Amino acid sequence: MKTSFTVNGQAASLDLDPRTTLLDALRERLDLKGSKKGCDHGQCGACTVLVNGQRINSCLSLAVTHEGDAITTIEGLAQDETLHPVQQAFLAHDAFQCGYCTPGQICSTIGMLKEAADGWASLVTEDLTADVVLTDEEIRERMSGNLCRCSAYPQILAAIRTAGGLA
Amino acid sequence: MKPFTYERPADVASALTLVAKIPGARFLAGGTNLVDLMKLQIEQPTHLVDVSRLPLAEIEDTPEGGLRLGAMTTNSQVAADARVRARYPALAQAILSGASGQLRNKATTAGNLLQRTRCPYFYDTTKPCNKRAPGAGCAAIGGIHTNTAIFGASEACIATHPSDMAVALTALDARVETKSGSGEARVLALESFHRLPGDTPHIETELQPAEMITAVVLPPPPAGRQIYRKARERASYAFAIGSVAVAGDRVALGAVAHKPWRAEAAELALEQGASPAEAMAAELEAARPDGHNDFKLKLMARLGAACLTTTGAGDGQ
């Protein structure tokens, strides 16, 4: 089935078996191997990409449903040799060990920071009608959909604090 | 996944027609549960009718002072809505206590109601399950997993409904609007939307084949405080092992039955002047734990009493 969307600003037009997930289309058809297949069931977050600016699990989304969408993956974040501020913060804080979950962590962070900037509450937001303050507890709750098997969580938290202008 | 065909009709009428006429066709919304189950071949639709872009994604004020949540509103959108946060905090809390940020960005209001149980034996295709194969038997009965029903279970099924959102919607007395056929509309109380398992646990709701949820309608918020609290096995991103929603004088419990469980005995006890602990004891009299899930009695007694104490439900009696 013919499907067209943009990936990191580039137009892509693919003839897809409807069973193809967005993750498999990115990795297997467009050779963008940055987005990772961890659990393939929406439980680990390694496949997180941004679709029209929102973070989603690309493993649970059929590629044919993304006609016309603007998709951003880890490969599309740096501007030439200049890393995205969230990438830079992950490097500065050594916010990984094996690195497998990192592309998902970084894309998820970018989506999460926008959600917080837009005033979205989380479960740990005490006053649902007040402005959001990104405390460590808030960051942990909002990032709970991204697992790190190496357990680099303290450094990931520090990187997100820096990237979010909180430290 | 088994092979299937896919199309994205432009309007509700076309979507209804397609699902009615194609055997094995299913509506696809956010897909966070359906696609997962298709990978496991627990769901095997022949044709997917993508309804995610239909114009059903608005949150509108109703003339009676409530809100109409379009079927395709996302969980994130509803939880972020200023009106929901100010007037239906139990709903915002319930949604935000479920899944992850990524999943809530895709998952829809209608899809949340129609998600399948997370009973491990439903997912384990090497074990019998009356939901997957009616008549096969139930491996959960006598099995080692403990997150099973204490209310309304049957000899065919002891699974629970996994939704947080639906528990809050039950306490808030929400209604489900549907369309079918050539656009015939129906309204069902959420409280009676999901079914107890009986001897047909594979039939989970009152929806007819090819009937589509178009909206969930919230009545004006009830007088009194609201709360949603959830117990789970880790601090975030896990299904409930027990949850409680209180909205004014209405109480609903989650992860205890095949449907969101309206705690009418507790409500009645509160109306008659019972304390929070007495009200929960009255509700739990009807509970039938199976030896593996007995912990839910103590859990629900304490969680429920804490919520009722916090909201002061029944204090005005």
# chains A, B, ... in the order shown; residues from 1 in each chain; ligands from 1
$ residues_around --residues "Asp94 of chain A" --least-positions-apart "2" --cutoff "12 Å" --atoms "only C-alpha atoms" --output "list of chain:residue names"
A:Gln87, A:Gln88, A:Ala89, A:Phe90, A:Leu91, A:Ala92, A:Phe96, A:Gln97, A:Cys98, A:Gly99, A:Thr102, A:Ala152, A:Tyr153, A:Pro154, A:Gln155, A:Ile156, A:Leu157, A:Ala158, A:Ala159, A:Ile160
$ write_last_selection --atoms "C-alpha atoms" --output "mmCIF file, in the first residue's frame"
data_model
loop_
_atom_site.group_PDB
_atom_site.id
_atom_site.type_symbol
_atom_site.label_atom_id
_atom_site.label_comp_id
_atom_site.auth_asym_id
_atom_site.auth_seq_id
_atom_site.Cartn_x
_atom_site.Cartn_y
_atom_site.Cartn_z
ATOM 1 C CA GLN A 87 21.813 14.884 22.808
ATOM 2 C CA GLN A 88 24.514 17.216 24.145
ATOM 3 C CA ALA A 89 23.134 16.900 27.674
ATOM 4 C CA PHE A 90 23.095 13.091 27.483
ATOM 5 C CA LEU A 91 26.749 13.165 26.390
ATOM 6 C CA ALA A 92 27.739 15.666 29.062
ATOM 7 C CA PHE A 96 23.908 5.789 29.082
ATOM 8 C CA GLN A 97 25.892 2.639 29.385
ATOM 9 C CA CYS A 98 25.199 0.317 26.444
ATOM 10 C CA GLY A 99 23.295 3.014 24.569
ATOM 11 C CA THR A 102 19.314 6.122 24.310
ATOM 12 C CA ALA A 152 21.665 4.762 34.001
ATOM 13 C CA TYR A 153 18.667 6.536 35.493
ATOM 14 C CA PRO A 154 20.568 8.982 37.761
ATOM 15 C CA GLN A 155 22.577 10.283 34.800
ATOM 16 C CA ILE A 156 19.514 10.329 32.526
ATOM 17 C CA LEU A 157 17.704 12.393 35.133
ATOM 18 C CA ALA A 158 20.675 14.783 35.374
ATOM 19 C CA ALA A 159 20.823 15.118 31.591
ATOM 20 C CA ILE A 160 17.121 15.902 31.384
#
$ interface_residues --of "chain A" --to "chain B" --cutoff "7 Å" --atoms "only C-alpha atoms" --output "PyMOL selection string"
chain A and resi 18-19+41+55-57+60-61+120-123+128-129+141-142+144-145
$ residues_around --residues "Glu264 of chain B" --least-positions-apart "2" --cutoff "12 Å" --atoms "only C-alpha atoms" --output "VMD selection string"
chain B and resid 170 to 171 191 246 249 to 253 261 to 262 266 to 271 279 to 280 282 to 286
$ select_by_dssp --residues "chain A" --states "strand (DSSP E)" --output "PyMOL selection string"
chain A and resi 2-7+10-15+48-51+54-57+70-72
$ write_last_selection --atoms "N, CA, C and O atoms" --output "PDB file, in the first residue's frame"
ATOM      1  N   LYS A   2       0.616   2.161  -0.930  1.00  0.00           N
ATOM      2  CA  LYS A   2       1.436   3.360  -1.072  1.00  0.00           C
ATOM      3  C   LYS A   2       1.192   4.300   0.103  1.00  0.00           C
ATOM      4  O   LYS A   2       0.060   4.637   0.421  1.00  0.00           O
ATOM      5  N   THR A   3       2.270   4.706   0.755  1.00  0.00           N
ATOM      6  CA  THR A   3       2.161   5.609   1.895  1.00  0.00           C
ATOM      7  C   THR A   3       3.279   6.636   1.826  1.00  0.00           C
ATOM      8  O   THR A   3       4.435   6.286   1.569  1.00  0.00           O
ATOM      9  N   SER A   4       2.912   7.899   2.050  1.00  0.00           N
ATOM     10  CA  SER A   4       3.908   8.968   1.996  1.00  0.00           C
ATOM     11  C   SER A   4       3.910   9.751   3.299  1.00  0.00           C
ATOM     12  O   SER A   4       2.852  10.083   3.835  1.00  0.00           O
ATOM     13  N   PHE A   5       5.105  10.019   3.801  1.00  0.00           N
ATOM     14  CA  PHE A   5       5.257  10.899   4.972  1.00  0.00           C
ATOM     15  C   PHE A   5       6.643  11.526   4.879  1.00  0.00           C
ATOM     16  O   PHE A   5       7.404  11.228   3.946  1.00  0.00           O
ATOM     17  N   THR A   6       6.949  12.406   5.808  1.00  0.00           N
ATOM     18  CA  THR A   6       8.311  12.922   5.826  1.00  0.00           C
ATOM     19  C   THR A   6       9.021  12.356   7.042  1.00  0.00           C
ATOM     20  O   THR A   6       8.419  12.162   8.096  1.00  0.00           O
ATOM     21  N   VAL A   7      10.294  12.057   6.854  1.00  0.00           N
ATOM     22  CA  VAL A   7      11.130  11.591   7.960  1.00  0.00           C
ATOM     23  C   VAL A   7      12.323  12.530   8.054  1.00  0.00           C
ATOM     24  O   VAL A   7      13.078  12.674   7.081  1.00  0.00           O
ATOM     25  N   GLN A  10      12.736  14.856   5.177  1.00  0.00           N
ATOM     26  CA  GLN A  10      12.845  14.305   3.826  1.00  0.00           C
ATOM     27  C   GLN A  10      11.569  13.562   3.468  1.00  0.00           C
ATOM     28  O   GLN A  10      11.067  12.773   4.277  1.00  0.00           O
ATOM     29  N   ALA A  11      11.076  13.777   2.262  1.00  0.00           N
ATOM     30  CA  ALA A  11       9.887  13.052   1.824  1.00  0.00           C
ATOM     31  C   ALA A  11      10.232  11.579   1.631  1.00  0.00           C
ATOM     32  O   ALA A  11      11.296  11.243   1.112  1.00  0.00           O
ATOM     33  N   ALA A  12       9.328  10.718   2.082  1.00  0.00           N
ATOM     34  CA  ALA A  12       9.506   9.282   1.871  1.00  0.00           C
ATOM     35  C   ALA A  12       8.199   8.735   1.328  1.00  0.00           C
ATOM     36  O   ALA A  12       7.123   9.088   1.816  1.00  0.00           O
ATOM     37  N   SER A  13       8.302   7.911   0.297  1.00  0.00           N
ATOM     38  CA  SER A  13       7.115   7.307  -0.284  1.00  0.00           C
ATOM     39  C   SER A  13       7.386   5.816  -0.409  1.00  0.00           C
ATOM     40  O   SER A  13       8.321   5.413  -1.090  1.00  0.00           O
ATOM     41  N   LEU A  14       6.591   5.026   0.297  1.00  0.00           N
ATOM     42  CA  LEU A  14       6.870   3.594   0.377  1.00  0.00           C
ATOM     43  C   LEU A  14       5.652   2.788  -0.042  1.00  0.00           C
ATOM     44  O   LEU A  14       4.516   3.201   0.191  1.00  0.00           O
ATOM     45  N   ASP A  15       5.913   1.630  -0.629  1.00  0.00           N
ATOM     46  CA  ASP A  15       4.839   0.690  -0.908  1.00  0.00           C
ATOM     47  C   ASP A  15       4.909  -0.372   0.188  1.00  0.00           C
ATOM     48  O   ASP A  15       5.864  -1.152   0.228  1.00  0.00           O
ATOM     49  N   THR A  48      10.836   4.901  20.671  1.00  0.00           N
ATOM     50  CA  THR A  48      10.141   6.193  20.695  1.00  0.00           C
ATOM     51  C   THR A  48      10.643   7.128  19.591  1.00  0.00           C
ATOM     52  O   THR A  48      11.846   7.338  19.439  1.00  0.00           O
ATOM     53  N   VAL A  49       9.701   7.663  18.828  1.00  0.00           N
ATOM     54  CA  VAL A  49      10.000   8.695  17.826  1.00  0.00           C
ATOM     55  C   VAL A  49       8.979   9.824  18.014  1.00  0.00           C
ATOM     56  O   VAL A  49       8.019   9.691  18.776  1.00  0.00           O
ATOM     57  N   LEU A  50       9.209  10.929  17.322  1.00  0.00           N
ATOM     58  CA  LEU A  50       8.265  12.051  17.380  1.00  0.00           C
ATOM     59  C   LEU A  50       7.437  12.064  16.103  1.00  0.00           C
ATOM     60  O   LEU A  50       7.993  12.002  14.999  1.00  0.00           O
ATOM     61  N   VAL A  51       6.121  12.076  16.244  1.00  0.00           N
ATOM     62  CA  VAL A  51       5.225  12.182  15.096  1.00  0.00           C
ATOM     63  C   VAL A  51       4.437  13.479  15.250  1.00  0.00           C
ATOM     64  O   VAL A  51       3.724  13.659  16.242  1.00  0.00           O
ATOM     65  N   GLN A  54       4.885  14.896  18.626  1.00  0.00           N
ATOM     66  CA  GLN A  54       4.507  14.140  19.825  1.00  0.00           C
ATOM     67  C   GLN A  54       5.239  12.804  19.879  1.00  0.00           C
ATOM     68  O   GLN A  54       5.389  12.120  18.868  1.00  0.00           O
ATOM     69  N   ARG A  55       5.648  12.418  21.087  1.00  0.00           N
ATOM     70  CA  ARG A  55       6.354  11.140  21.232  1.00  0.00           C
ATOM     71  C   ARG A  55       5.354   9.980  21.198  1.00  0.00           C
ATOM     72  O   ARG A  55       4.297  10.050  21.834  1.00  0.00           O
ATOM     73  N   ILE A  56       5.688   8.961  20.458  1.00  0.00           N
ATOM     74  CA  ILE A  56       4.878   7.735  20.433  1.00  0.00           C
ATOM     75  C   ILE A  56       5.802   6.512  20.356  1.00  0.00           C
ATOM     76  O   ILE A  56       6.977   6.641  20.038  1.00  0.00           O
ATOM     77  N   ASN A  57       5.224   5.347  20.630  1.00  0.00           N
ATOM     78  CA  ASN A  57       5.950   4.083  20.445  1.00  0.00           C
ATOM     79  C   ASN A  57       5.778   3.664  18.987  1.00  0.00           C
ATOM     80  O   ASN A  57       4.688   3.261  18.580  1.00  0.00           O
ATOM     81  N   ALA A  70       4.650  14.094   9.841  1.00  0.00           N
ATOM     82  CA  ALA A  70       6.052  14.524   9.933  1.00  0.00           C
ATOM     83  C   ALA A  70       6.696  13.747  11.069  1.00  0.00           C
ATOM     84  O   ALA A  70       6.343  13.927  12.231  1.00  0.00           O
ATOM     85  N   ILE A  71       7.623  12.863  10.697  1.00  0.00           N
ATOM     86  CA  ILE A  71       8.245  11.968  11.673  1.00  0.00           C
ATOM     87  C   ILE A  71       9.681  12.425  11.925  1.00  0.00           C
ATOM     88  O   ILE A  71      10.413  12.749  10.983  1.00  0.00           O
ATOM     89  N   THR A  72      10.039  12.466  13.192  1.00  0.00           N
ATOM     90  CA  THR A  72      11.421  12.811  13.559  1.00  0.00           C
ATOM     91  C   THR A  72      12.010  11.666  14.353  1.00  0.00           C
ATOM     92  O   THR A  72      11.420  11.203  15.332  1.00  0.00           O
TER      93      THR A  72
END
$ select_by_dssp --residues "segment 11-117 of chain A" --states "helix (DSSP H, G or I)" --output "VMD selection string"
chain A and resid 22 to 29 58 to 60 63 to 66 74 to 76 85 to 92 102 to 117
$ atom_distance --atom1 "atom CA of Leu113 of chain A" --atom2 "atom CA of Gln43 of chain A"
20.6 Å
$ atom_distance --atom1 "atom CA of Ala25 of chain B" --atom2 "atom CA of Pro209 of chain B"
10.0 Å
$ closest_residue --among "B:Asp173, B:Asp164, B:Asp11, B:Asp290" --to "Val244 of chain B" --atoms "only C-alpha atoms"
B:Asp164
$ closest_residue --among "B:Pro162, B:Gly304, B:Gly65, B:Pro197" --to "Arg229 of chain B" --atoms "only C-alpha atoms"
B:Gly304
